[in-house]
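Notes follow the structure.
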Amino acid sequence: MAEGEQFELKFRIFDGTDIGHRTYSASTNIATLKQRILSEWPQDKSVAPKSVNDMKLIHAGKVLDDGETLAESRVHVGDVPGGVITMHVVVQPPVAKRKTDKNSAADKQNQILCSCTIL
């Protein structure tokens, strides 16, 4: 990839809306793209990321890593010179493992049952 190469990108969200359409340097990292997308996210959408960690960028079927640049991610235009690259944005909030009181009581009961069977 040539140094200083530029990519024209747009990002498609869940309902087909495109955001963030502009030219980016090949040295732009994925985390920076996510920050820009978060700042440009339409306020009227029912699904919205709360942070960059809630988003995944997908290009050519591959989930892009936050620590990589566009060049390292092997983003390419293909056969269309001057073409626009469309990346998909998936909003997927991290799942927090919380124990409810009901689950905690069941866990304690299982621990008691387990300790009884060991004796």
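Residues in the structure tokens are numbered from 1 in each chain, the chains being A, B, ... in the order shown, and ligands are numbered from 1 in the order shown.
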
| request: Could you pull out the residues in segment 3-107 of chain A that DSSP calls helix (DSSP H, G or I) from the backbone, as an MDAnalysis selection string? | output: chainID A and resid 30:40 52:54 101:107

Residues within 12 Å of segment 46-55 of chain A, only C-alpha atoms, excluding chain neighbours under 4 positions, as a tab-separated table (two decimals) with C-alpha atoms, in the first residue's frame:
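Output contents, as saved in selection04.tsv:
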chain	number	residue	atom	x	y	z
A	11	PHE	CA	-20.38	3.58	7.43
A	13	ILE	CA	-25.73	1.40	10.37
A	14	PHE	CA	-28.48	-1.12	11.18
A	15	ASP	CA	-31.31	0.62	9.31
A	30	ILE	CA	-9.98	1.77	13.71
A	31	ALA	CA	-10.51	3.17	17.22
A	32	THR	CA	-10.36	6.72	15.77
A	33	LEU	CA	-12.96	5.78	13.16
A	34	LYS	CA	-15.23	4.46	15.91
A	35	GLN	CA	-14.89	7.70	17.88
A	36	ARG	CA	-15.90	9.70	14.80
A	37	ILE	CA	-18.86	7.40	14.13
A	38	LEU	CA	-20.00	7.73	17.76
A	39	SER	CA	-19.87	11.54	17.51
A	40	GLU	CA	-21.86	11.51	14.24
A	41	TRP	CA	-24.43	8.89	15.26
A	42	PRO	CA	-27.98	10.13	14.46
A	63	VAL	CA	-14.40	-7.58	12.14
A	64	LEU	CA	-11.72	-4.88	12.30
A	65	ASP	CA	-9.47	-4.65	15.36
A	66	ASP	CA	-9.32	-1.32	17.27
A	88	HIS	CA	-20.92	-1.95	8.32
A	89	VAL	CA	-21.35	-0.84	11.91
A	90	VAL	CA	-22.79	-3.35	14.36
A	91	VAL	CA	-23.94	-2.12	17.76
A	92	GLN	CA	-23.41	-4.79	20.36
A	93	PRO	CA	-23.18	-3.60	23.96
A	94	PRO	CA	-20.86	-5.67	26.14
A	95	VAL	CA	-22.73	-8.23	28.21

| note | Expressed in Å, the length from atom CA of Arg74 of chain A to atom CA of Ile19 of chain A is 21.4 Å

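Interatomic distance, atom CA of Thr69 of chain A against atom CA of Gly16 of chain A: 25.0 Å.
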
| query | So which bits of segment 21-55 of chain A end up strand (DSSP E) when you DSSP the backbone, as a list in words? | reply | His21, Arg22, Thr23, Tyr24, Ser25 and Met55 of chain A

Go ahead and write the selection's residues with N, CA and C atoms as a compact mmCIF listing (two decimals), in the first residue's frame.
# COMPACT_ATOMS: atom_id res chain seq x y z
N HIS A 21 -19.36 9.85 5.93
CA HIS A 21 -18.82 9.77 4.57
C HIS A 21 -17.76 10.86 4.37
N ARG A 22 -16.49 10.41 4.28
CA ARG A 22 -15.37 11.33 4.04
C ARG A 22 -14.14 10.53 3.67
N THR A 23 -13.06 11.23 3.42
CA THR A 23 -11.80 10.59 3.04
C THR A 23 -10.92 10.45 4.28
N TYR A 24 -10.34 9.27 4.45
CA TYR A 24 -9.49 8.96 5.60
C TYR A 24 -8.12 8.51 5.11
N SER A 25 -7.10 8.79 5.89
CA SER A 25 -5.74 8.36 5.58
C SER A 25 -5.59 6.87 5.91
N MET A 55 -19.42 -0.86 19.62
CA MET A 55 -19.46 -0.95 18.17
C MET A 55 -18.42 -1.92 17.63

| request: Give me, please, the distance in Å between atom CA of Lys45 of chain A and atom CA of Phe7 of chain A, quoted to one decimal. | output: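 Computing it gives 27.0 Å between the two atoms.
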
| request: Write out as a list in words which residues come within 9 Å of Glu72 of chain A when counting only C-alpha atoms, dropping same-chain ones fewer than 2 positions away. | output: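 The filter keeps Ala26, Ser27, Asn29, Glu68, Thr69, Leu70, Arg74 and Val75 of chain A.
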
Write the residues of the selection above to a file with N, CA and C atoms, as a PDB file, in the first residue's frame.
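Below you can see selection-v9.pdb, which holds the result:
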ATOM      1  N   ALA A  26      -4.701   6.203   5.193  1.00  0.00           N
ATOM      2  CA  ALA A  26      -4.438   4.780   5.451  1.00  0.00           C
ATOM      3  C   ALA A  26      -3.877   4.564   6.849  1.00  0.00           C
ATOM      4  N   SER A  27      -3.304   5.616   7.447  1.00  0.00           N
ATOM      5  CA  SER A  27      -2.723   5.491   8.787  1.00  0.00           C
ATOM      6  C   SER A  27      -3.745   5.720   9.906  1.00  0.00           C
ATOM      7  N   ASN A  29      -6.400   4.845  12.565  1.00  0.00           N
ATOM      8  CA  ASN A  29      -6.683   3.563  13.212  1.00  0.00           C
ATOM      9  C   ASN A  29      -8.188   3.375  13.430  1.00  0.00           C
ATOM     10  N   GLU A  68      -5.581  -1.648  14.980  1.00  0.00           N
ATOM     11  CA  GLU A  68      -5.015  -1.644  13.636  1.00  0.00           C
ATOM     12  C   GLU A  68      -5.354  -0.364  12.895  1.00  0.00           C
ATOM     13  N   THR A  69      -4.533  -0.041  11.903  1.00  0.00           N
ATOM     14  CA  THR A  69      -4.829   1.066  11.003  1.00  0.00           C
ATOM     15  C   THR A  69      -5.607   0.520   9.809  1.00  0.00           C
ATOM     16  N   LEU A  70      -6.093   1.425   8.981  1.00  0.00           N
ATOM     17  CA  LEU A  70      -6.785   0.981   7.763  1.00  0.00           C
ATOM     18  C   LEU A  70      -5.851   0.168   6.880  1.00  0.00           C
ATOM     19  N   ARG A  74      -5.959  -4.166   5.845  1.00  0.00           N
ATOM     20  CA  ARG A  74      -6.042  -4.560   4.431  1.00  0.00           C
ATOM     21  C   ARG A  74      -7.328  -4.076   3.769  1.00  0.00           C
ATOM     22  N   VAL A  75      -7.698  -2.846   4.103  1.00  0.00           N
ATOM     23  CA  VAL A  75      -8.847  -2.233   3.457  1.00  0.00           C
ATOM     24  C   VAL A  75      -8.441  -1.904   2.031  1.00  0.00           C
TER      25      VAL A  75
END
